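Student: Input structure: model_39.cif, which contains mmCIF, N, CA and C atoms.
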```cif
data_start
loop_
_atom_site.label_atom_id
_atom_site.label_comp_id
_atom_site.auth_asym_id
_atom_site.auth_seq_id
_atom_site.Cartn_x
_atom_site.Cartn_y
_atom_site.Cartn_z
N MET Z 235 -5.22 4.32 0.74
CA MET Z 235 -6.04 3.16 0.41
C MET Z 235 -5.89 2.12 1.51
N ALA Z 236 -6.97 1.50 1.87
CA ALA Z 236 -6.96 0.47 2.91
C ALA Z 236 -6.12 -0.72 2.45
N GLN Z 237 -5.24 -1.18 3.33
CA GLN Z 237 -4.38 -2.31 3.01
C GLN Z 237 -4.89 -3.56 3.72
N ILE Z 238 -4.94 -4.66 2.97
CA ILE Z 238 -5.36 -5.93 3.51
C ILE Z 238 -4.26 -6.95 3.27
N LEU Z 239 -3.77 -7.52 4.35
CA LEU Z 239 -2.72 -8.54 4.27
C LEU Z 239 -3.32 -9.85 3.78
N VAL Z 240 -2.65 -10.48 2.83
CA VAL Z 240 -3.06 -11.79 2.33
C VAL Z 240 -1.92 -12.77 2.60
N ALA Z 241 -2.15 -13.70 3.54
CA ALA Z 241 -1.15 -14.71 3.89
C ALA Z 241 -1.73 -16.08 3.56
N GLU Z 242 -1.43 -16.52 2.36
CA GLU Z 242 -1.95 -17.79 1.82
C GLU Z 242 -0.80 -18.52 1.16
N PRO Z 243 -0.49 -19.76 1.58
CA PRO Z 243 0.67 -20.46 1.04
C PRO Z 243 0.52 -20.93 -0.41
N ASN Z 244 -0.69 -21.19 -0.85
CA ASN Z 244 -0.90 -21.66 -2.22
C ASN Z 244 -0.91 -20.46 -3.17
N ARG Z 245 0.01 -20.44 -4.13
CA ARG Z 245 0.18 -19.29 -5.01
C ARG Z 245 -1.11 -18.94 -5.77
N GLU Z 246 -1.76 -19.94 -6.34
CA GLU Z 246 -2.97 -19.66 -7.12
C GLU Z 246 -4.09 -19.09 -6.25
N THR Z 247 -4.25 -19.65 -5.08
CA THR Z 247 -5.27 -19.16 -4.16
C THR Z 247 -4.93 -17.75 -3.69
N ARG Z 248 -3.65 -17.51 -3.38
CA ARG Z 248 -3.20 -16.18 -2.96
C ARG Z 248 -3.48 -15.16 -4.04
N GLU Z 249 -3.17 -15.49 -5.29
CA GLU Z 249 -3.40 -14.55 -6.39
C GLU Z 249 -4.89 -14.26 -6.56
N LEU Z 250 -5.74 -15.27 -6.38
CA LEU Z 250 -7.18 -15.06 -6.47
C LEU Z 250 -7.65 -14.14 -5.34
N LEU Z 251 -7.19 -14.39 -4.12
CA LEU Z 251 -7.56 -13.54 -2.99
C LEU Z 251 -7.09 -12.10 -3.20
N GLU Z 252 -5.88 -11.94 -3.71
CA GLU Z 252 -5.36 -10.60 -3.99
C GLU Z 252 -6.18 -9.90 -5.05
N LEU Z 253 -6.63 -10.63 -6.07
CA LEU Z 253 -7.48 -10.06 -7.11
C LEU Z 253 -8.81 -9.59 -6.53
N ILE Z 254 -9.40 -10.40 -5.67
CA ILE Z 254 -10.66 -10.02 -5.02
C ILE Z 254 -10.47 -8.76 -4.19
N VAL Z 255 -9.41 -8.72 -3.40
CA VAL Z 255 -9.12 -7.56 -2.57
C VAL Z 255 -8.95 -6.32 -3.43
N SER Z 256 -8.23 -6.44 -4.54
CA SER Z 256 -8.02 -5.31 -5.46
C SER Z 256 -9.33 -4.85 -6.08
N ARG Z 257 -10.14 -5.79 -6.51
CA ARG Z 257 -11.42 -5.42 -7.15
C ARG Z 257 -12.37 -4.74 -6.18
N LEU Z 258 -12.19 -4.98 -4.89
CA LEU Z 258 -13.00 -4.29 -3.89
C LEU Z 258 -12.48 -2.88 -3.60
N GLY Z 259 -11.35 -2.55 -4.22
CA GLY Z 259 -10.80 -1.21 -4.05
C GLY Z 259 -9.78 -1.10 -2.93
N PHE Z 260 -9.29 -2.23 -2.43
CA PHE Z 260 -8.30 -2.23 -1.37
C PHE Z 260 -6.94 -2.61 -1.95
N ASP Z 261 -5.91 -2.39 -1.17
CA ASP Z 261 -4.54 -2.67 -1.59
C ASP Z 261 -4.09 -3.98 -0.92
N PRO Z 262 -3.94 -5.08 -1.70
CA PRO Z 262 -3.47 -6.33 -1.10
C PRO Z 262 -1.99 -6.26 -0.78
N ILE Z 263 -1.63 -6.71 0.41
CA ILE Z 263 -0.24 -6.71 0.86
C ILE Z 263 0.16 -8.16 1.12
N SER Z 264 1.32 -8.54 0.60
CA SER Z 264 1.79 -9.91 0.82
C SER Z 264 2.44 -10.02 2.19
N ARG Z 265 2.56 -11.23 2.67
CA ARG Z 265 3.19 -11.50 3.97
C ARG Z 265 4.60 -10.93 4.00
N GLU Z 266 5.36 -11.10 2.92
CA GLU Z 266 6.74 -10.64 2.88
C GLU Z 266 6.83 -9.13 3.01
N ILE Z 267 5.98 -8.40 2.30
CA ILE Z 267 5.98 -6.94 2.37
C ILE Z 267 5.56 -6.49 3.75
N SER Z 268 4.57 -7.15 4.31
CA SER Z 268 4.08 -6.81 5.64
C SER Z 268 5.17 -6.97 6.69
N GLU Z 269 5.95 -8.04 6.59
CA GLU Z 269 7.02 -8.27 7.56
C GLU Z 269 8.11 -7.21 7.46
N LEU Z 270 8.34 -6.70 6.25
CA LEU Z 270 9.35 -5.66 6.07
C LEU Z 270 8.85 -4.30 6.55
N ALA Z 271 7.59 -4.00 6.26
CA ALA Z 271 7.06 -2.66 6.52
C ALA Z 271 6.36 -2.53 7.86
N GLY Z 272 6.08 -3.62 8.52
CA GLY Z 272 5.31 -3.55 9.75
C GLY Z 272 3.82 -3.66 9.45
N HIS Z 273 3.01 -3.51 10.48
CA HIS Z 273 1.58 -3.75 10.33
C HIS Z 273 0.73 -2.52 10.60
N ALA Z 274 1.33 -1.36 10.75
CA ALA Z 274 0.60 -0.18 11.18
C ALA Z 274 -0.51 0.23 10.22
N GLU Z 275 -0.33 0.02 8.94
CA GLU Z 275 -1.30 0.49 7.95
C GLU Z 275 -2.37 -0.54 7.61
N LEU Z 276 -2.30 -1.71 8.17
CA LEU Z 276 -3.26 -2.76 7.82
C LEU Z 276 -4.64 -2.47 8.36
N GLU Z 277 -5.65 -2.76 7.53
CA GLU Z 277 -7.05 -2.63 7.94
C GLU Z 277 -7.64 -4.00 8.27
N ALA Z 278 -7.07 -5.05 7.70
CA ALA Z 278 -7.54 -6.42 7.93
C ALA Z 278 -6.48 -7.39 7.43
N ALA Z 279 -6.66 -8.66 7.76
CA ALA Z 279 -5.76 -9.71 7.28
C ALA Z 279 -6.58 -10.93 6.89
N ILE Z 280 -6.18 -11.55 5.79
CA ILE Z 280 -6.77 -12.82 5.34
C ILE Z 280 -5.67 -13.86 5.50
N ILE Z 281 -5.91 -14.87 6.32
CA ILE Z 281 -4.85 -15.81 6.69
C ILE Z 281 -5.34 -17.25 6.62
N GLU Z 282 -4.49 -18.14 6.12
CA GLU Z 282 -4.75 -19.58 6.13
C GLU Z 282 -4.08 -20.15 7.38
N PRO Z 283 -4.86 -20.44 8.44
CA PRO Z 283 -4.26 -20.89 9.69
C PRO Z 283 -3.71 -22.31 9.66
N ALA Z 284 -4.00 -23.08 8.61
CA ALA Z 284 -3.45 -24.43 8.50
C ALA Z 284 -1.97 -24.40 8.13
N ASP Z 285 -1.49 -23.25 7.64
CA ASP Z 285 -0.09 -23.07 7.30
C ASP Z 285 0.64 -22.55 8.54
N PRO Z 286 1.65 -23.27 9.01
CA PRO Z 286 2.33 -22.86 10.26
C PRO Z 286 2.90 -21.44 10.22
N GLU Z 287 3.49 -21.03 9.10
CA GLU Z 287 4.03 -19.67 9.02
C GLU Z 287 2.93 -18.63 9.08
N SER Z 288 1.82 -18.89 8.40
CA SER Z 288 0.71 -17.96 8.42
C SER Z 288 0.07 -17.90 9.80
N LEU Z 289 -0.02 -19.04 10.47
CA LEU Z 289 -0.56 -19.07 11.83
C LEU Z 289 0.33 -18.27 12.76
N ARG Z 290 1.63 -18.42 12.62
CA ARG Z 290 2.58 -17.64 13.44
C ARG Z 290 2.37 -16.15 13.20
N LEU Z 291 2.17 -15.77 11.93
CA LEU Z 291 1.92 -14.37 11.60
C LEU Z 291 0.62 -13.89 12.26
N ALA Z 292 -0.42 -14.71 12.23
CA ALA Z 292 -1.69 -14.35 12.88
C ALA Z 292 -1.48 -14.13 14.38
N GLN Z 293 -0.67 -14.96 15.00
CA GLN Z 293 -0.39 -14.81 16.43
C GLN Z 293 0.35 -13.50 16.70
N GLU Z 294 1.30 -13.16 15.84
CA GLU Z 294 2.04 -11.90 15.98
C GLU Z 294 1.12 -10.71 15.78
N LEU Z 295 0.25 -10.81 14.77
CA LEU Z 295 -0.70 -9.72 14.52
C LEU Z 295 -1.62 -9.52 15.70
N ARG Z 296 -2.14 -10.61 16.24
CA ARG Z 296 -3.07 -10.50 17.37
C ARG Z 296 -2.37 -9.88 18.58
N ALA Z 297 -1.11 -10.26 18.81
CA ALA Z 297 -0.36 -9.72 19.94
C ALA Z 297 -0.05 -8.23 19.74
N GLY Z 298 0.32 -7.85 18.54
CA GLY Z 298 0.71 -6.46 18.27
C GLY Z 298 -0.42 -5.53 17.90
N CYS Z 299 -1.48 -6.07 17.33
CA CYS Z 299 -2.62 -5.27 16.86
C CYS Z 299 -3.91 -5.98 17.29
N PRO Z 300 -4.25 -5.94 18.57
CA PRO Z 300 -5.37 -6.74 19.07
C PRO Z 300 -6.71 -6.48 18.40
N SER Z 301 -6.90 -5.28 17.86
CA SER Z 301 -8.20 -4.96 17.24
C SER Z 301 -8.24 -5.21 15.74
N LEU Z 302 -7.13 -5.66 15.16
CA LEU Z 302 -7.09 -5.90 13.72
C LEU Z 302 -8.02 -7.05 13.35
N PRO Z 303 -8.96 -6.83 12.43
CA PRO Z 303 -9.83 -7.93 11.99
C PRO Z 303 -9.01 -8.97 11.20
N ILE Z 304 -9.08 -10.21 11.65
CA ILE Z 304 -8.42 -11.31 10.96
C ILE Z 304 -9.49 -12.24 10.41
N VAL Z 305 -9.39 -12.53 9.12
CA VAL Z 305 -10.30 -13.46 8.47
C VAL Z 305 -9.50 -14.71 8.15
N PHE Z 306 -9.90 -15.83 8.72
CA PHE Z 306 -9.26 -17.10 8.40
C PHE Z 306 -10.01 -17.73 7.23
N THR Z 307 -9.26 -18.15 6.23
CA THR Z 307 -9.80 -18.90 5.11
C THR Z 307 -9.03 -20.20 5.09
N SER Z 308 -9.71 -21.30 5.42
CA SER Z 308 -8.95 -22.52 5.67
C SER Z 308 -9.56 -23.76 5.02
N ILE Z 309 -8.68 -24.72 4.79
CA ILE Z 309 -9.09 -26.02 4.30
C ILE Z 309 -9.51 -26.92 5.45
N GLU Z 310 -9.20 -26.50 6.68
CA GLU Z 310 -9.49 -27.29 7.86
C GLU Z 310 -10.59 -26.63 8.69
N PRO Z 311 -11.44 -27.45 9.32
CA PRO Z 311 -12.43 -26.87 10.24
C PRO Z 311 -11.72 -26.08 11.33
N GLN Z 312 -12.42 -25.13 11.92
CA GLN Z 312 -11.81 -24.26 12.92
C GLN Z 312 -11.31 -25.06 14.11
N ALA Z 313 -10.02 -24.96 14.35
CA ALA Z 313 -9.38 -25.65 15.46
C ALA Z 313 -9.29 -24.73 16.67
N ALA Z 314 -9.02 -25.31 17.82
CA ALA Z 314 -8.94 -24.52 19.06
C ALA Z 314 -7.90 -23.41 18.96
N HIS Z 315 -6.74 -23.70 18.35
CA HIS Z 315 -5.70 -22.67 18.26
C HIS Z 315 -6.15 -21.50 17.40
N ALA Z 316 -7.02 -21.75 16.44
CA ALA Z 316 -7.56 -20.66 15.61
C ALA Z 316 -8.59 -19.86 16.40
N ARG Z 317 -9.44 -20.55 17.14
CA ARG Z 317 -10.46 -19.85 17.96
C ARG Z 317 -9.80 -18.94 18.98
N GLU Z 318 -8.68 -19.36 19.53
CA GLU Z 318 -7.97 -18.56 20.53
C GLU Z 318 -7.54 -17.20 19.99
N LEU Z 319 -7.37 -17.11 18.68
CA LEU Z 319 -6.95 -15.85 18.06
C LEU Z 319 -8.14 -14.95 17.75
N ASP Z 320 -9.34 -15.39 18.06
CA ASP Z 320 -10.56 -14.60 17.93
C ASP Z 320 -10.70 -13.97 16.54
N PRO Z 321 -10.78 -14.81 15.48
CA PRO Z 321 -10.92 -14.24 14.15
C PRO Z 321 -12.28 -13.54 13.97
N ALA Z 322 -12.30 -12.52 13.14
CA ALA Z 322 -13.54 -11.82 12.84
C ALA Z 322 -14.46 -12.70 12.00
N ALA Z 323 -13.85 -13.61 11.22
CA ALA Z 323 -14.61 -14.55 10.40
C ALA Z 323 -13.74 -15.77 10.13
N TYR Z 324 -14.40 -16.89 9.88
CA TYR Z 324 -13.71 -18.14 9.55
C TYR Z 324 -14.44 -18.73 8.36
N LEU Z 325 -13.82 -18.68 7.19
CA LEU Z 325 -14.43 -19.19 5.97
C LEU Z 325 -13.76 -20.51 5.61
N LEU Z 326 -14.56 -21.57 5.57
CA LEU Z 326 -14.04 -22.89 5.24
C LEU Z 326 -13.99 -23.04 3.71
N LYS Z 327 -12.81 -23.41 3.20
CA LYS Z 327 -12.63 -23.61 1.77
C LYS Z 327 -13.28 -24.91 1.34
N PRO Z 328 -13.92 -24.96 0.19
CA PRO Z 328 -14.16 -23.84 -0.72
C PRO Z 328 -15.34 -23.00 -0.23
N PHE Z 329 -15.21 -21.70 -0.32
CA PHE Z 329 -16.28 -20.80 0.08
C PHE Z 329 -16.67 -19.96 -1.13
N ARG Z 330 -17.85 -19.38 -1.06
CA ARG Z 330 -18.30 -18.50 -2.14
C ARG Z 330 -17.52 -17.20 -2.08
N LEU Z 331 -17.14 -16.70 -3.24
CA LEU Z 331 -16.42 -15.42 -3.27
C LEU Z 331 -17.27 -14.31 -2.66
N SER Z 332 -18.59 -14.43 -2.81
CA SER Z 332 -19.47 -13.42 -2.22
C SER Z 332 -19.34 -13.41 -0.69
N ALA Z 333 -19.06 -14.55 -0.08
CA ALA Z 333 -18.89 -14.60 1.38
C ALA Z 333 -17.67 -13.79 1.80
N LEU Z 334 -16.57 -13.92 1.06
CA LEU Z 334 -15.38 -13.14 1.37
C LEU Z 334 -15.62 -11.66 1.11
N THR Z 335 -16.28 -11.36 0.00
CA THR Z 335 -16.58 -9.97 -0.34
C THR Z 335 -17.41 -9.31 0.76
N GLU Z 336 -18.48 -9.97 1.17
CA GLU Z 336 -19.34 -9.42 2.22
C GLU Z 336 -18.59 -9.28 3.53
N THR Z 337 -17.78 -10.25 3.85
CA THR Z 337 -17.00 -10.20 5.09
C THR Z 337 -16.06 -9.00 5.09
N LEU Z 338 -15.30 -8.83 4.01
CA LEU Z 338 -14.35 -7.71 3.95
C LEU Z 338 -15.07 -6.37 3.97
N ARG Z 339 -16.15 -6.25 3.24
CA ARG Z 339 -16.90 -4.98 3.23
C ARG Z 339 -17.44 -4.66 4.62
N GLY Z 340 -17.80 -5.67 5.37
CA GLY Z 340 -18.30 -5.45 6.72
C GLY Z 340 -17.22 -5.10 7.72
N LEU Z 341 -16.00 -5.52 7.46
CA LEU Z 341 -14.91 -5.31 8.42
C LEU Z 341 -14.09 -4.06 8.17
N VAL Z 342 -13.90 -3.72 6.91
CA VAL Z 342 -13.02 -2.60 6.56
C VAL Z 342 -13.89 -1.37 6.38
N THR Z 343 -13.70 -0.40 7.28
CA THR Z 343 -14.57 0.77 7.28
C THR Z 343 -14.03 1.94 6.48
N LYS Z 344 -12.74 1.96 6.24
CA LYS Z 344 -12.18 3.08 5.47
C LYS Z 344 -12.58 2.94 4.02
N PRO Z 345 -13.18 3.97 3.44
CA PRO Z 345 -13.50 3.88 2.01
C PRO Z 345 -12.22 3.94 1.19
N ALA Z 346 -12.21 3.15 0.15
CA ALA Z 346 -11.05 3.15 -0.75
C ALA Z 346 -11.14 4.37 -1.65
N ARG Z 347 -10.02 4.99 -1.94
CA ARG Z 347 -9.99 6.11 -2.87
C ARG Z 347 -9.99 5.57 -4.28
N ARG Z 348 -10.89 6.02 -5.04
CA ARG Z 348 -11.00 5.62 -6.45
C ARG Z 348 -10.24 6.62 -7.30
N PRO Z 349 -9.62 6.17 -8.40
CA PRO Z 349 -8.96 7.13 -9.31
C PRO Z 349 -9.97 8.15 -9.79
N GLY Z 350 -9.58 9.42 -9.70
CA GLY Z 350 -10.44 10.49 -10.19
C GLY Z 350 -11.44 10.98 -9.16
N ALA Z 351 -11.46 10.38 -7.98
CA ALA Z 351 -12.40 10.81 -6.95
C ALA Z 351 -11.93 12.12 -6.36
N SER Z 352 -12.87 13.02 -6.13
CA SER Z 352 -12.51 14.31 -5.56
C SER Z 352 -12.42 14.19 -4.04
N SER Z 353 -11.64 15.03 -3.43
CA SER Z 353 -11.48 14.96 -1.99
C SER Z 353 -12.33 16.01 -1.29
N GLY Z 354 -13.16 16.68 -2.01
CA GLY Z 354 -13.82 17.76 -1.38
C GLY Z 354 -15.23 17.65 -1.18
#
```
Could you write out this structure as C-alpha cells?

Tutor:
Amino acid sequence: MAQILVAEPNRETRELLELIVSRLGFDPISREISELAGHAELEAAIIEPADPESLRLAQELRAGCPSLPIVFTSIEPQAAHARELDPAAYLLKPFRLSALTETLRGLVTKPARRPGASSG
C-alpha cells in the first residue's frame, strides 16, 4: 500500500489529514514512524512548513529523495524557503478537502490494494 507521510504539528489537523489519506486507500505514516523506518517506502509527504521541525523534515526529504512529491499545507502564504524545496503543491489553510484529495490522487500513482482485491 502506498505510504504518505503526514507531518502536521496540530493533533486535530494531523488526525483529519490521516483520515483523508486512509479514506483514499493509502497508509498514513507519522513523522515519528518515518524517522525510525526511513523514507524508502514513501510515495508522498504532507507537511506544514510553518512548523520548524516539519520544515527540517521536508529539507531532509528533499535532500534524500529529490523526486518525492511534497505537499505543503500551511497557515502561512508560501515563503521563499518553502519555494526552494519545490513542493508539488502548496495548499493554504483552510483549504477544501477536495483540493487535497485531487492533489494526492494526481501525485500518487501506485494503486492502493483494497481488501479482497485479486492480484491476477

Student: Considering only C-alpha atoms, return as a PDB file with N, CA and C atoms, in the frame of the given file whatever protein or nucleic-acid residues lie within 8 Å of Ile281 (chain Z), sequence-local ones (same chain, fewer than 6 positions apart) excluded.

Tutor:
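Wrote part-v3.pdb, looks like this:
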```
ATOM      1  N   LEU Z 239      -3.770  -7.520   4.350  1.00  0.00           N
ATOM      2  CA  LEU Z 239      -2.720  -8.540   4.270  1.00  0.00           C
ATOM      3  C   LEU Z 239      -3.320  -9.850   3.780  1.00  0.00           C
ATOM      4  N   VAL Z 240      -2.650 -10.480   2.830  1.00  0.00           N
ATOM      5  CA  VAL Z 240      -3.060 -11.790   2.330  1.00  0.00           C
ATOM      6  C   VAL Z 240      -1.920 -12.770   2.600  1.00  0.00           C
ATOM      7  N   ALA Z 241      -2.150 -13.700   3.540  1.00  0.00           N
ATOM      8  CA  ALA Z 241      -1.150 -14.710   3.890  1.00  0.00           C
ATOM      9  C   ALA Z 241      -1.730 -16.080   3.560  1.00  0.00           C
ATOM     10  N   GLU Z 242      -1.430 -16.520   2.360  1.00  0.00           N
ATOM     11  CA  GLU Z 242      -1.950 -17.790   1.820  1.00  0.00           C
ATOM     12  C   GLU Z 242      -0.800 -18.520   1.160  1.00  0.00           C
ATOM     13  N   SER Z 288       1.820 -18.890   8.400  1.00  0.00           N
ATOM     14  CA  SER Z 288       0.710 -17.960   8.420  1.00  0.00           C
ATOM     15  C   SER Z 288       0.070 -17.900   9.800  1.00  0.00           C
ATOM     16  N   LEU Z 289      -0.020 -19.040  10.470  1.00  0.00           N
ATOM     17  CA  LEU Z 289      -0.560 -19.070  11.830  1.00  0.00           C
ATOM     18  C   LEU Z 289       0.330 -18.270  12.760  1.00  0.00           C
ATOM     19  N   ALA Z 292      -0.420 -14.710  12.230  1.00  0.00           N
ATOM     20  CA  ALA Z 292      -1.690 -14.350  12.880  1.00  0.00           C
ATOM     21  C   ALA Z 292      -1.480 -14.130  14.380  1.00  0.00           C
ATOM     22  N   ILE Z 304      -9.080 -10.210  11.650  1.00  0.00           N
ATOM     23  CA  ILE Z 304      -8.420 -11.310  10.960  1.00  0.00           C
ATOM     24  C   ILE Z 304      -9.490 -12.240  10.410  1.00  0.00           C
ATOM     25  N   VAL Z 305      -9.390 -12.530   9.120  1.00  0.00           N
ATOM     26  CA  VAL Z 305     -10.300 -13.460   8.470  1.00  0.00           C
ATOM     27  C   VAL Z 305      -9.500 -14.710   8.150  1.00  0.00           C
ATOM     28  N   PHE Z 306      -9.900 -15.830   8.720  1.00  0.00           N
ATOM     29  CA  PHE Z 306      -9.260 -17.100   8.400  1.00  0.00           C
ATOM     30  C   PHE Z 306     -10.010 -17.730   7.230  1.00  0.00           C
ATOM     31  N   THR Z 307      -9.260 -18.150   6.230  1.00  0.00           N
ATOM     32  CA  THR Z 307      -9.800 -18.900   5.110  1.00  0.00           C
ATOM     33  C   THR Z 307      -9.030 -20.200   5.090  1.00  0.00           C
ATOM     34  N   SER Z 308      -9.710 -21.300   5.420  1.00  0.00           N
ATOM     35  CA  SER Z 308      -8.950 -22.520   5.670  1.00  0.00           C
ATOM     36  C   SER Z 308      -9.560 -23.760   5.020  1.00  0.00           C
TER      37      SER Z 308
END
```

Student: Residue by residue, what does the PyMOL selection byres ((chain Z and resi 323-331) around 8) grab here? Present the result as a list of chain:residue names.

Tutor: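 Evaluating the PyMOL selection byres ((chain Z and resi 323-331) around 8) on this file yields Z:Pro303, Z:Ile304, Z:Val305, Z:Phe306, Z:Thr307, Z:Ser308, Z:Ile309, Z:Glu310, Z:Pro311, Z:Gln312, Z:Asp320, Z:Pro321, Z:Ala322, Z:Ser332, Z:Ala333, Z:Leu334, Z:Thr335, Z:Glu336, Z:Thr337.
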
Student: Between atom C of Arg296 (chain Z) and atom C of Glu277 (chain Z), what distance in Å does the model show, to one decimal?

Tutor: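 These two atoms are separated by 13.0 Å.
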
Student: Identify all residues of chain Z in strand (DSSP E) (DSSP on the backbone) and supply them as an MDAnalysis selection string.

Tutor: chainID Z and resid 237:241 261:264 276:281 304:308 323:326

Student: Any chance you could export the current selection's N, CA and C atoms as a PDB file, keeping the file's coordinate frame?

Tutor:
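Just written: again_6.pdb:
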```pdb
ATOM      1  N   GLN Z 237      -5.240  -1.180   3.330  1.00  0.00           N
ATOM      2  CA  GLN Z 237      -4.380  -2.310   3.010  1.00  0.00           C
ATOM      3  C   GLN Z 237      -4.890  -3.560   3.720  1.00  0.00           C
ATOM      4  N   ILE Z 238      -4.940  -4.660   2.970  1.00  0.00           N
ATOM      5  CA  ILE Z 238      -5.360  -5.930   3.510  1.00  0.00           C
ATOM      6  C   ILE Z 238      -4.260  -6.950   3.270  1.00  0.00           C
ATOM      7  N   LEU Z 239      -3.770  -7.520   4.350  1.00  0.00           N
ATOM      8  CA  LEU Z 239      -2.720  -8.540   4.270  1.00  0.00           C
ATOM      9  C   LEU Z 239      -3.320  -9.850   3.780  1.00  0.00           C
ATOM     10  N   VAL Z 240      -2.650 -10.480   2.830  1.00  0.00           N
ATOM     11  CA  VAL Z 240      -3.060 -11.790   2.330  1.00  0.00           C
ATOM     12  C   VAL Z 240      -1.920 -12.770   2.600  1.00  0.00           C
ATOM     13  N   ALA Z 241      -2.150 -13.700   3.540  1.00  0.00           N
ATOM     14  CA  ALA Z 241      -1.150 -14.710   3.890  1.00  0.00           C
ATOM     15  C   ALA Z 241      -1.730 -16.080   3.560  1.00  0.00           C
ATOM     16  N   ASP Z 261      -5.910  -2.390  -1.170  1.00  0.00           N
ATOM     17  CA  ASP Z 261      -4.540  -2.670  -1.590  1.00  0.00           C
ATOM     18  C   ASP Z 261      -4.090  -3.980  -0.920  1.00  0.00           C
ATOM     19  N   PRO Z 262      -3.940  -5.080  -1.700  1.00  0.00           N
ATOM     20  CA  PRO Z 262      -3.470  -6.330  -1.100  1.00  0.00           C
ATOM     21  C   PRO Z 262      -1.990  -6.260  -0.780  1.00  0.00           C
ATOM     22  N   ILE Z 263      -1.630  -6.710   0.410  1.00  0.00           N
ATOM     23  CA  ILE Z 263      -0.240  -6.710   0.860  1.00  0.00           C
ATOM     24  C   ILE Z 263       0.160  -8.160   1.120  1.00  0.00           C
ATOM     25  N   SER Z 264       1.320  -8.540   0.600  1.00  0.00           N
ATOM     26  CA  SER Z 264       1.790  -9.910   0.820  1.00  0.00           C
ATOM     27  C   SER Z 264       2.440 -10.020   2.190  1.00  0.00           C
ATOM     28  N   LEU Z 276      -2.300  -1.710   8.170  1.00  0.00           N
ATOM     29  CA  LEU Z 276      -3.260  -2.760   7.820  1.00  0.00           C
ATOM     30  C   LEU Z 276      -4.640  -2.470   8.360  1.00  0.00           C
ATOM     31  N   GLU Z 277      -5.650  -2.760   7.530  1.00  0.00           N
ATOM     32  CA  GLU Z 277      -7.050  -2.630   7.940  1.00  0.00           C
ATOM     33  C   GLU Z 277      -7.640  -4.000   8.270  1.00  0.00           C
ATOM     34  N   ALA Z 278      -7.070  -5.050   7.700  1.00  0.00           N
ATOM     35  CA  ALA Z 278      -7.540  -6.420   7.930  1.00  0.00           C
ATOM     36  C   ALA Z 278      -6.480  -7.390   7.430  1.00  0.00           C
ATOM     37  N   ALA Z 279      -6.660  -8.660   7.760  1.00  0.00           N
ATOM     38  CA  ALA Z 279      -5.760  -9.710   7.280  1.00  0.00           C
ATOM     39  C   ALA Z 279      -6.580 -10.930   6.890  1.00  0.00           C
ATOM     40  N   ILE Z 280      -6.180 -11.550   5.790  1.00  0.00           N
ATOM     41  CA  ILE Z 280      -6.770 -12.820   5.340  1.00  0.00           C
ATOM     42  C   ILE Z 280      -5.670 -13.860   5.500  1.00  0.00           C
ATOM     43  N   ILE Z 281      -5.910 -14.870   6.320  1.00  0.00           N
ATOM     44  CA  ILE Z 281      -4.850 -15.810   6.690  1.00  0.00           C
ATOM     45  C   ILE Z 281      -5.340 -17.250   6.620  1.00  0.00           C
ATOM     46  N   ILE Z 304      -9.080 -10.210  11.650  1.00  0.00           N
ATOM     47  CA  ILE Z 304      -8.420 -11.310  10.960  1.00  0.00           C
ATOM     48  C   ILE Z 304      -9.490 -12.240  10.410  1.00  0.00           C
ATOM     49  N   VAL Z 305      -9.390 -12.530   9.120  1.00  0.00           N
ATOM     50  CA  VAL Z 305     -10.300 -13.460   8.470  1.00  0.00           C
ATOM     51  C   VAL Z 305      -9.500 -14.710   8.150  1.00  0.00           C
ATOM     52  N   PHE Z 306      -9.900 -15.830   8.720  1.00  0.00           N
ATOM     53  CA  PHE Z 306      -9.260 -17.100   8.400  1.00  0.00           C
ATOM     54  C   PHE Z 306     -10.010 -17.730   7.230  1.00  0.00           C
ATOM     55  N   THR Z 307      -9.260 -18.150   6.230  1.00  0.00           N
ATOM     56  CA  THR Z 307      -9.800 -18.900   5.110  1.00  0.00           C
ATOM     57  C   THR Z 307      -9.030 -20.200   5.090  1.00  0.00           C
ATOM     58  N   SER Z 308      -9.710 -21.300   5.420  1.00  0.00           N
ATOM     59  CA  SER Z 308      -8.950 -22.520   5.670  1.00  0.00           C
ATOM     60  C   SER Z 308      -9.560 -23.760   5.020  1.00  0.00           C
ATOM     61  N   ALA Z 323     -13.850 -13.610  11.220  1.00  0.00           N
ATOM     62  CA  ALA Z 323     -14.610 -14.550  10.400  1.00  0.00           C
ATOM     63  C   ALA Z 323     -13.740 -15.770  10.130  1.00  0.00           C
ATOM     64  N   TYR Z 324     -14.400 -16.890   9.880  1.00  0.00           N
ATOM     65  CA  TYR Z 324     -13.710 -18.140   9.550  1.00  0.00           C
ATOM     66  C   TYR Z 324     -14.440 -18.730   8.360  1.00  0.00           C
ATOM     67  N   LEU Z 325     -13.820 -18.680   7.190  1.00  0.00           N
ATOM     68  CA  LEU Z 325     -14.430 -19.190   5.970  1.00  0.00           C
ATOM     69  C   LEU Z 325     -13.760 -20.510   5.610  1.00  0.00           C
ATOM     70  N   LEU Z 326     -14.560 -21.570   5.570  1.00  0.00           N
ATOM     71  CA  LEU Z 326     -14.040 -22.890   5.240  1.00  0.00           C
ATOM     72  C   LEU Z 326     -13.990 -23.040   3.710  1.00  0.00           C
TER      73      LEU Z 326
END
```

Student: For Ala278 (chain Z), which residue out of Z:Leu253, Z:Gln293, Z:Cys299, Z:Ala313 is the nearest one, using only C-alpha atoms?

Tutor: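 Answer, going by the shortest atom-to-atom distance: Z:Cys299.
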
Student: For this file, the PyMOL selection byres (((chain Z and resi 260 and name CA) around 7) and name CA) selects which residues, as an MDAnalysis selection string?

Tutor: chainID Z and resid 235:238 255:256 258:259 261:262 346

Student: Rank Z:Glu252, Z:Glu246, Z:Glu318, Z:Glu294 by their smallest atom-to-atom distance to Ile280 (chain Z), using only C-alpha atoms, and report the top residue only.

Tutor: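 Counting only C-alpha atoms, the residue closest to Ile280 (chain Z) is Z:Glu252.
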
Student: Any chance you could list, as a ChimeraX atom specification, the residues in chain Z that come up helix (DSSP H, G or I) when DSSP is run on the backbone?

Tutor: /Z:245-257,265-271,286-298,314-317,331-341
